[in-house]
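Report on the structure given below.
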Amino acid sequence: MFPPSSLLPVNRRVLLGGLVAAPLVLRFGRAPAAGAYLFPLGVASGDPAPDGFVLWTRLAADPLAPDGLGGLSAPIPVRWEVAADEGFSHIVAAGEVVAEQADAHSLHVEVAGLKPGRPYWYRFTAAGQRSPAGHARTAPAPDAPVDLLRLGVASCSHWEYGYFSAYGHMADEAPDLTLFLGDYIYEYTVGGARKANTVRSYDLEEATTLAGYRNRYALHRTDANLQRLHAVSPCLAVWDDHEVLNNYSGIWTQEPGAGGSDFLKRRAAGYKAFYEAMPIRRTRLDSRLQMPIHRRIRYGRLAEFFMLDGRQYRSRQPCVDVAGGAQGQIMTDSACPDRLDPSRTFLGFEQERWLYDGLARSNARWTILGQDLVMAGLRFEKAGEETRYWTDTWDGFPAARDRLTQALVTLKPRNPVVLSGDYHSFWTNDVKLDSRDSASRTVATEFVGTSITSGGPPHDALMSYMPSNPHIKFFEGRLRGYISIDVTPTRMLTRYRTVSNVRDPKATVATLNSWVVEDGRPGAQPA
Ligand SMILES: [Fe+2]
């Protein structure tokens with residue numbers, strides 16, 4: 001989460017979708033309907049490989065049952081089918097799995113043995129009922145040429161701050177892959193004065209338990225636009241902070257002195273619910289309550305995706321105990337030497353090594369890092385003020401960022417492009433070899449997507465710092481939407497798509513502006 005206006009020295013105050021102490025509004029008690037449809041949460045596919053993909057559904061009779069179990073208890077056998085045609089006349093793979101209570105009756109079917117680079121259709125059947133059909137696609141063979149790959153990039157869909165029309169417009173575009181870069185749900189419920197800015201309520205108390213997190217995902221998946229997007233477009237999903245708790249870092253919360261085993265259990269509940277809700281390959285909590293989700297997906301010769309986890313393995317936010325404050329203080333200045341400590345890590349050293357190994361071996365035309373937080377950096381610097389940094393982004397971990405930018409120079413992966421979320425705003429950035437020096441070499445291009453619905457940062461205040469940040473070529477914090485990208489062998493065309501009004505369920509979509517990255521030339525240019 002970005003800095004609230006209260007931390008920025010301007011007079012203008014903007015109502016933000018920040019974390020607030022939510023009143024505990026309990027409105028549980030939805031009765032399970034007799035003979036209820038078992039697939040009210042839709043279907044999804046993801047993590048494509050040349051010979052298959054993951055198929056997902058979660059059975060539920062009462063999706064928001066207070067115990068988080070969807071109104072089901074007994075194991076339920078489920079048949080899955082993959083067809084080569086939309087009419088399911090030619091079934092090419094099928095099987096039976098059992099949906100169990102331990103995973104809230106979610107299913108992750110890892111289909112293999114299919115042909116590369118082609119569309120498939122899939123569906124589930126359970127207790128005589130059939131799921132909606134979904135569309136999936138295998139990745140092209142690793143050495144196959146690919147002329148065009150269309151991506152949709154989404155982040156930050158707070159249920160209460162708007163309707164998910166942006167997801168509906170993404171579904172209309174039917175991208176080959178949709179990247180979800182975090183804050184797919186929010187753990188908190190809006191209260192107080194900010195409630196005036198909402199269009200609907202979670203009607204759930206703040207998620208802190210497995211049941212609480214499960215029900216957030218379940219509520220989101222009852223949305224017709226989001227269901228349609230998942231049904232038409234395979235996805236690559238990673239998390240940010242709100243899948244667990246605002247601004248947490250590794251095993252620490254942002255509250256001074258907080259964290260420890262209670263938070264670790266809460267984090268594990270959030271992680272398990274994420275796994276249960278997403279079409280990702282099998283992973284699980286280990287004895288340390290960690291759950292690896294970083295992964296590499298190759299899309300023919302055209303692209304290689306590194307989907308990164310920028311939350312789980314991080315060092316603590318620097319200087320939280322020094323600055324204090326009601327929510328902890330993650331805006332630091334030169335009085336925080338901690339920030340510069342080279343032993344601090346953003347990805348965790350294991351994931352860092354995995355990434356560098358992968359970058360060294362990558363030979364695709366485009367190297368795409370899908371991750372949650374702004375990488376290029378933003379110096380809060382102007383005359384008469386001490387320079388400060390918002391430490392929840394890569395700016396809190398400059399030594400780790402230096403290692404990565406140096407690795408991009410040394411290992412020479414082709415055309416690195418970073419896709420980021422979190423900041424509820426559009427940014428077009430040059431990622432510099434030395435983030436302290438805007439004149440240093442550009443080593444990667446970064447596009448930051450705005451939010452699907454969540455409230456934006458203080459736009460005018462942030463704009464006042466842009467003169468000190470010439471590596472940020474474009475910033476817009478007032479609009480909601482998503483990113484649409486066409487990747488071809490010679491160039492990447494990125495469109496910033498905006499919805500007319502998140503308070504309008506029938507909001508229209510438009511292109512704000514477009515950017516081109518040419519093969520062999522880091523840094524985006526206006527299209
Ligand atoms: Fe967010």
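Simple scheme: letters A, B, ... for chains in structure tokens order, numbers from 1 for residues in each chain, numbers from 1 for ligands in the order shown.
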To check your reading of the model: which residues sit at most 12 Å from ligand 1 when counting only C-alpha atoms and all ligand atoms? Write the answer as a ChimeraX atom specification. /A:1-3,16-19,154-159,161,180-188,239-247,372-373,420-425,449-457,480
Selected residues written out, C-alpha atoms, as a PDB file, in the first residue's frame:
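again-v8.pdb, freshly written:
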ATOM      1  CA  MET A   1       0.000   0.000   0.000  1.00  0.00           C
ATOM      2  CA  PHE A   2       1.236   3.422  -0.960  1.00  0.00           C
ATOM      3  CA  PRO A   3       1.799   6.369   1.424  1.00  0.00           C
ATOM      4  CA  LEU A  16      -7.958   7.007   0.465  1.00  0.00           C
ATOM      5  CA  GLY A  17      -8.844   3.361   0.490  1.00  0.00           C
ATOM      6  CA  GLY A  18      -6.355   2.765   3.274  1.00  0.00           C
ATOM      7  CA  LEU A  19      -6.477   0.450   6.216  1.00  0.00           C
ATOM      8  CA  ALA A 154      -4.875  -6.671 -12.990  1.00  0.00           C
ATOM      9  CA  SER A 155      -4.333  -5.782  -9.357  1.00  0.00           C
ATOM     10  CA  CYS A 156      -6.170  -4.386  -6.361  1.00  0.00           C
ATOM     11  CA  SER A 157      -9.864  -5.210  -6.496  1.00  0.00           C
ATOM     12  CA  HIS A 158     -11.439  -3.984  -3.285  1.00  0.00           C
ATOM     13  CA  TRP A 159     -15.009  -5.280  -3.301  1.00  0.00           C
ATOM     14  CA  TYR A 161     -14.850   0.551  -3.463  1.00  0.00           C
ATOM     15  CA  PHE A 180      -3.124 -11.003 -11.225  1.00  0.00           C
ATOM     16  CA  LEU A 181      -0.436  -9.079  -9.349  1.00  0.00           C
ATOM     17  CA  GLY A 182      -1.910  -8.946  -5.880  1.00  0.00           C
ATOM     18  CA  ASP A 183      -4.642  -7.523  -3.663  1.00  0.00           C
ATOM     19  CA  TYR A 184      -7.114  -9.839  -5.365  1.00  0.00           C
ATOM     20  CA  ILE A 185      -9.023  -9.545  -2.099  1.00  0.00           C
ATOM     21  CA  TYR A 186      -8.741  -7.158   0.849  1.00  0.00           C
ATOM     22  CA  GLU A 187      -8.642  -8.497   4.353  1.00  0.00           C
ATOM     23  CA  TYR A 188     -10.337  -5.482   5.947  1.00  0.00           C
ATOM     24  CA  TRP A 239      -0.235 -12.197  -4.033  1.00  0.00           C
ATOM     25  CA  ASP A 240       0.564  -8.843  -2.450  1.00  0.00           C
ATOM     26  CA  ASP A 241      -0.109  -7.770   1.147  1.00  0.00           C
ATOM     27  CA  HIS A 242      -3.905  -7.612   1.392  1.00  0.00           C
ATOM     28  CA  GLU A 243      -4.246 -11.335   0.790  1.00  0.00           C
ATOM     29  CA  VAL A 244      -3.050 -11.352   4.422  1.00  0.00           C
ATOM     30  CA  LEU A 245      -2.600  -7.909   6.059  1.00  0.00           C
ATOM     31  CA  ASN A 246      -1.772  -4.346   4.978  1.00  0.00           C
ATOM     32  CA  ASN A 247       1.966  -3.703   4.539  1.00  0.00           C
ATOM     33  CA  ASP A 372       3.547  -6.931  -6.711  1.00  0.00           C
ATOM     34  CA  LEU A 373       5.531  -3.767  -5.950  1.00  0.00           C
ATOM     35  CA  SER A 420       3.817  -4.356 -11.018  1.00  0.00           C
ATOM     36  CA  GLY A 421       0.729  -3.609  -8.927  1.00  0.00           C
ATOM     37  CA  ASP A 422       0.031  -2.289  -5.409  1.00  0.00           C
ATOM     38  CA  TYR A 423       0.106   1.480  -6.001  1.00  0.00           C
ATOM     39  CA  HIS A 424      -3.395   1.962  -7.481  1.00  0.00           C
ATOM     40  CA  SER A 425      -1.943   4.128 -10.246  1.00  0.00           C
ATOM     41  CA  GLY A 449      -1.100  -1.046 -13.353  1.00  0.00           C
ATOM     42  CA  THR A 450      -3.746   0.929 -11.582  1.00  0.00           C
ATOM     43  CA  SER A 451      -6.380  -0.757  -9.432  1.00  0.00           C
ATOM     44  CA  ILE A 452      -9.492  -2.543 -10.618  1.00  0.00           C
ATOM     45  CA  THR A 453     -11.468  -0.598  -7.967  1.00  0.00           C
ATOM     46  CA  SER A 454      -9.299   0.349  -4.952  1.00  0.00           C
ATOM     47  CA  GLY A 455      -8.883   4.048  -4.131  1.00  0.00           C
ATOM     48  CA  GLY A 456      -5.908   5.863  -5.629  1.00  0.00           C
ATOM     49  CA  PRO A 457      -2.955   7.573  -3.938  1.00  0.00           C
ATOM     50  CA  ARG A 480      -9.070   2.830 -12.202  1.00  0.00           C
TER      51      ARG A 480
END
Residues of stretch 99-341 of chain A in helix (DSSP H, G or I), written as an MDAnalysis selection string: chainID A and resid 101:103 159:161 165:173 192:197 210:221 224:232 260:277 320:323 337:340
Non-local contacts of A:Ala273 (7 Å; only C-alpha atoms; under 2 positions in same chain excluded) as an MDAnalysis selection string: chainID A and resid 210 213:214 269:271 275:277
Please dump the current selection as a PDB file, in the first residue's frame; keep N, CA and C atoms.
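Listing of part-v1.pdb after writing:
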ATOM      1  N   LEU A 210      -8.727 -18.744   8.584  1.00  0.00           N
ATOM      2  CA  LEU A 210      -8.909 -19.438   7.306  1.00  0.00           C
ATOM      3  C   LEU A 210     -10.337 -19.249   6.783  1.00  0.00           C
ATOM      4  N   TYR A 213     -10.685 -15.643   5.391  1.00  0.00           N
ATOM      5  CA  TYR A 213     -10.056 -15.447   4.071  1.00  0.00           C
ATOM      6  C   TYR A 213     -10.814 -16.211   2.984  1.00  0.00           C
ATOM      7  N   ARG A 214     -11.197 -17.452   3.286  1.00  0.00           N
ATOM      8  CA  ARG A 214     -11.942 -18.235   2.283  1.00  0.00           C
ATOM      9  C   ARG A 214     -13.183 -17.499   1.820  1.00  0.00           C
ATOM     10  N   ALA A 269      -2.993 -18.875   7.191  1.00  0.00           N
ATOM     11  CA  ALA A 269      -4.413 -18.994   6.823  1.00  0.00           C
ATOM     12  C   ALA A 269      -4.672 -18.252   5.515  1.00  0.00           C
ATOM     13  N   GLY A 270      -4.087 -17.053   5.386  1.00  0.00           N
ATOM     14  CA  GLY A 270      -4.244 -16.285   4.154  1.00  0.00           C
ATOM     15  C   GLY A 270      -3.638 -17.019   2.960  1.00  0.00           C
ATOM     16  N   TYR A 271      -2.475 -17.606   3.168  1.00  0.00           N
ATOM     17  CA  TYR A 271      -1.809 -18.324   2.080  1.00  0.00           C
ATOM     18  C   TYR A 271      -2.621 -19.544   1.643  1.00  0.00           C
ATOM     19  N   TYR A 275      -4.211 -20.290  -2.065  1.00  0.00           N
ATOM     20  CA  TYR A 275      -3.998 -21.519  -2.845  1.00  0.00           C
ATOM     21  C   TYR A 275      -5.333 -22.149  -3.239  1.00  0.00           C
ATOM     22  N   GLU A 276      -6.209 -22.268  -2.258  1.00  0.00           N
ATOM     23  CA  GLU A 276      -7.502 -22.912  -2.532  1.00  0.00           C
ATOM     24  C   GLU A 276      -8.319 -22.160  -3.589  1.00  0.00           C
ATOM     25  N   ALA A 277      -8.071 -20.852  -3.710  1.00  0.00           N
ATOM     26  CA  ALA A 277      -8.906 -20.040  -4.605  1.00  0.00           C
ATOM     27  C   ALA A 277      -8.316 -19.864  -5.996  1.00  0.00           C
TER      28      ALA A 277
END
Top pick for closest residue to A:His230, considering A:Gln351, A:Thr253, A:Gln371, A:Thr57 and counting only C-alpha atoms: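 Of A:Gln351, A:Thr253, A:Gln371, A:Thr57, the one nearest A:His230, counting only C-alpha atoms, is A:Thr57.
The neighbours of A:Ser435 here are the residues that come within 8 Å of it, using only C-alpha atoms and leaving out any residue fewer than 5 positions away in the same chain; they are Ala376, Gly377, Pro398, Asp402 and Ser440 of chain A.
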Name the residues in contact with A:Ser315 at a cut-off of 9 Å, using only C-alpha atoms, excluding same-chain residues fewer than 5 positions from it; report them as a list in words.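 Contacts, in chain order: Ser249, Gly250, Ile251, Trp252, Ser343, Arg344, Thr345, Phe346, Leu347, Gly348 and Phe397 of chain A.
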Restricting the calculation to only C-alpha atoms: of A:Ala49, A:Leu204, A:Leu359, A:Ala94, which residue gets closest to A:Arg216?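 Counting only C-alpha atoms, the residue closest to A:Arg216 is A:Leu204.
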What lies within 9 Å of A:Thr283 using only C-alpha atoms, ignoring chain neighbours under 6 positions off, as an MDAnalysis selection string? chainID A and resid 275 291:293
So that I can check the secondary structure, give me every residue of stretch 315-488 of chain A assigned strand (DSSP E or B) by backbone DSSP, as number ranges by chain. A: 331-332, 366-370, 380, 388-390, 416-420, 426-432, 442-448, 472-476, 481-487
Put those residues in a file: N, CA and C atoms, as a compact mmCIF listing (two decimals), in the first residue's frame.
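Below you can see out_34.txt, which holds the result:
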# COMPACT_ATOMS: atom_id res chain seq x y z
N MET A 331 7.58 5.36 6.20
CA MET A 331 8.15 6.42 5.38
C MET A 331 9.45 6.79 6.07
N THR A 332 10.58 6.53 5.46
CA THR A 332 11.84 6.76 6.17
C THR A 332 12.66 7.85 5.50
N TRP A 366 11.34 -11.88 -24.77
CA TRP A 366 10.92 -10.96 -23.70
C TRP A 366 11.01 -11.67 -22.35
N THR A 367 11.61 -11.00 -21.39
CA THR A 367 11.73 -11.55 -20.03
C THR A 367 10.81 -10.73 -19.13
N ILE A 368 9.73 -11.34 -18.70
CA ILE A 368 8.70 -10.58 -18.00
C ILE A 368 8.68 -10.96 -16.52
N LEU A 369 8.92 -9.96 -15.66
CA LEU A 369 8.87 -10.19 -14.22
C LEU A 369 7.50 -9.71 -13.74
N GLY A 370 6.64 -10.64 -13.33
CA GLY A 370 5.32 -10.29 -12.81
C GLY A 370 5.41 -10.30 -11.29
N PHE A 380 10.97 10.85 -2.66
CA PHE A 380 10.18 11.98 -2.19
C PHE A 380 11.18 13.09 -1.88
N ARG A 388 12.86 11.38 1.35
CA ARG A 388 12.28 10.24 2.07
C ARG A 388 11.89 9.14 1.09
N TYR A 389 11.64 7.97 1.64
CA TYR A 389 11.28 6.81 0.83
C TYR A 389 10.12 6.07 1.48
N TRP A 390 9.22 5.59 0.65
CA TRP A 390 8.14 4.71 1.13
C TRP A 390 8.71 3.30 1.08
N PRO A 416 14.14 -7.25 -20.53
CA PRO A 416 13.42 -7.38 -19.25
C PRO A 416 12.32 -6.33 -19.11
N VAL A 417 11.14 -6.78 -18.78
CA VAL A 417 10.00 -5.89 -18.53
C VAL A 417 9.38 -6.29 -17.19
N VAL A 418 9.21 -5.31 -16.31
CA VAL A 418 8.65 -5.56 -14.99
C VAL A 418 7.20 -5.10 -15.00
N LEU A 419 6.29 -5.96 -14.57
CA LEU A 419 4.88 -5.60 -14.44
C LEU A 419 4.53 -5.62 -12.96
N SER A 420 3.99 -4.52 -12.47
CA SER A 420 3.82 -4.36 -11.02
C SER A 420 2.42 -3.87 -10.67
N PHE A 426 -1.20 4.28 -12.54
CA PHE A 426 -0.40 3.89 -13.71
C PHE A 426 0.97 4.58 -13.63
N TRP A 427 2.01 3.82 -13.88
CA TRP A 427 3.36 4.39 -13.99
C TRP A 427 4.05 3.74 -15.19
N THR A 428 4.77 4.55 -15.95
CA THR A 428 5.68 4.02 -16.97
C THR A 428 7.10 4.41 -16.53
N ASN A 429 7.91 3.42 -16.23
CA ASN A 429 9.20 3.70 -15.60
C ASN A 429 10.37 3.12 -16.38
N ASP A 430 11.50 3.81 -16.31
CA ASP A 430 12.78 3.21 -16.64
C ASP A 430 13.35 2.66 -15.33
N VAL A 431 13.65 1.37 -15.30
CA VAL A 431 14.34 0.83 -14.12
C VAL A 431 15.82 1.06 -14.35
N LYS A 432 16.43 1.83 -13.45
CA LYS A 432 17.83 2.23 -13.62
C LYS A 432 18.78 1.25 -12.93
N THR A 442 19.51 2.51 -18.20
CA THR A 442 18.20 1.85 -18.06
C THR A 442 18.38 0.35 -18.30
N VAL A 443 18.00 -0.46 -17.33
CA VAL A 443 18.22 -1.91 -17.46
C VAL A 443 16.93 -2.69 -17.68
N ALA A 444 15.80 -2.05 -17.46
CA ALA A 444 14.51 -2.73 -17.68
C ALA A 444 13.43 -1.67 -17.84
N THR A 445 12.31 -2.08 -18.39
CA THR A 445 11.13 -1.23 -18.51
C THR A 445 10.14 -1.69 -17.45
N GLU A 446 9.44 -0.75 -16.82
CA GLU A 446 8.42 -1.14 -15.84
C GLU A 446 7.08 -0.49 -16.17
N PHE A 447 6.03 -1.29 -16.12
CA PHE A 447 4.67 -0.78 -16.20
C PHE A 447 3.96 -1.13 -14.89
N VAL A 448 3.36 -0.13 -14.27
CA VAL A 448 2.60 -0.37 -13.04
C VAL A 448 1.13 -0.16 -13.39
N ILE A 472 10.64 8.24 -14.07
CA ILE A 472 9.20 7.96 -14.14
C ILE A 472 8.65 8.80 -15.29
N LYS A 473 8.34 8.15 -16.39
CA LYS A 473 7.95 8.89 -17.60
C LYS A 473 6.49 9.27 -17.59
N PHE A 474 5.70 8.55 -16.78
CA PHE A 474 4.27 8.84 -16.74
C PHE A 474 3.72 8.36 -15.41
N PHE A 475 2.84 9.18 -14.84
CA PHE A 475 2.16 8.79 -13.61
C PHE A 475 0.72 9.29 -13.66
N GLU A 476 -0.21 8.45 -13.27
CA GLU A 476 -1.62 8.86 -13.19
C GLU A 476 -2.28 8.06 -12.07
N GLY A 481 -8.65 0.83 -13.50
CA GLY A 481 -8.66 0.05 -14.73
C GLY A 481 -7.64 -1.07 -14.70
N TYR A 482 -6.98 -1.29 -15.83
CA TYR A 482 -6.06 -2.42 -15.97
C TYR A 482 -5.11 -2.14 -17.12
N ILE A 483 -4.22 -3.07 -17.37
CA ILE A 483 -3.27 -2.92 -18.48
C ILE A 483 -3.54 -4.03 -19.49
N SER A 484 -3.45 -3.67 -20.76
CA SER A 484 -3.61 -4.63 -21.83
C SER A 484 -2.33 -4.56 -22.68
N ILE A 485 -1.71 -5.70 -22.93
CA ILE A 485 -0.41 -5.71 -23.61
C ILE A 485 -0.42 -6.68 -24.78
N ASP A 486 0.07 -6.23 -25.92
CA ASP A 486 0.33 -7.12 -27.06
C ASP A 486 1.83 -7.31 -27.17
N VAL A 487 2.26 -8.56 -27.02
CA VAL A 487 3.68 -8.88 -27.12
C VAL A 487 3.92 -9.51 -28.48
A straight line from atom CA of A:Ala102 to atom CA of A:Asn225 spans 28.2 Å
Residues within 8 Å of A:Arg491, only C-alpha atoms, excluding chain neighbours under 3 positions, as a ChimeraX atom specification: /A:487-488,516-519
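If only C-alpha atoms are the atoms counted, then among A:Val190, A:Val54, A:Val374, A:Leu411 the closest residue to A:Arg361 is A:Leu411.
A straight line drawn from atom CA of A:Pro489 to atom CA of A:Leu149 is 9.5 Å long.
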Nearest residue to A:Ile280 out of A:Val199, A:Ile330, A:Val92, A:Val111, using only C-alpha atoms?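 Between A:Val199, A:Ile330, A:Val92, A:Val111, the residue approaching A:Ile280 most closely is A:Val111.
Take atom CA of A:Tyr299 and atom CA of A:Ala524: the distance between them is 21.9 Å.
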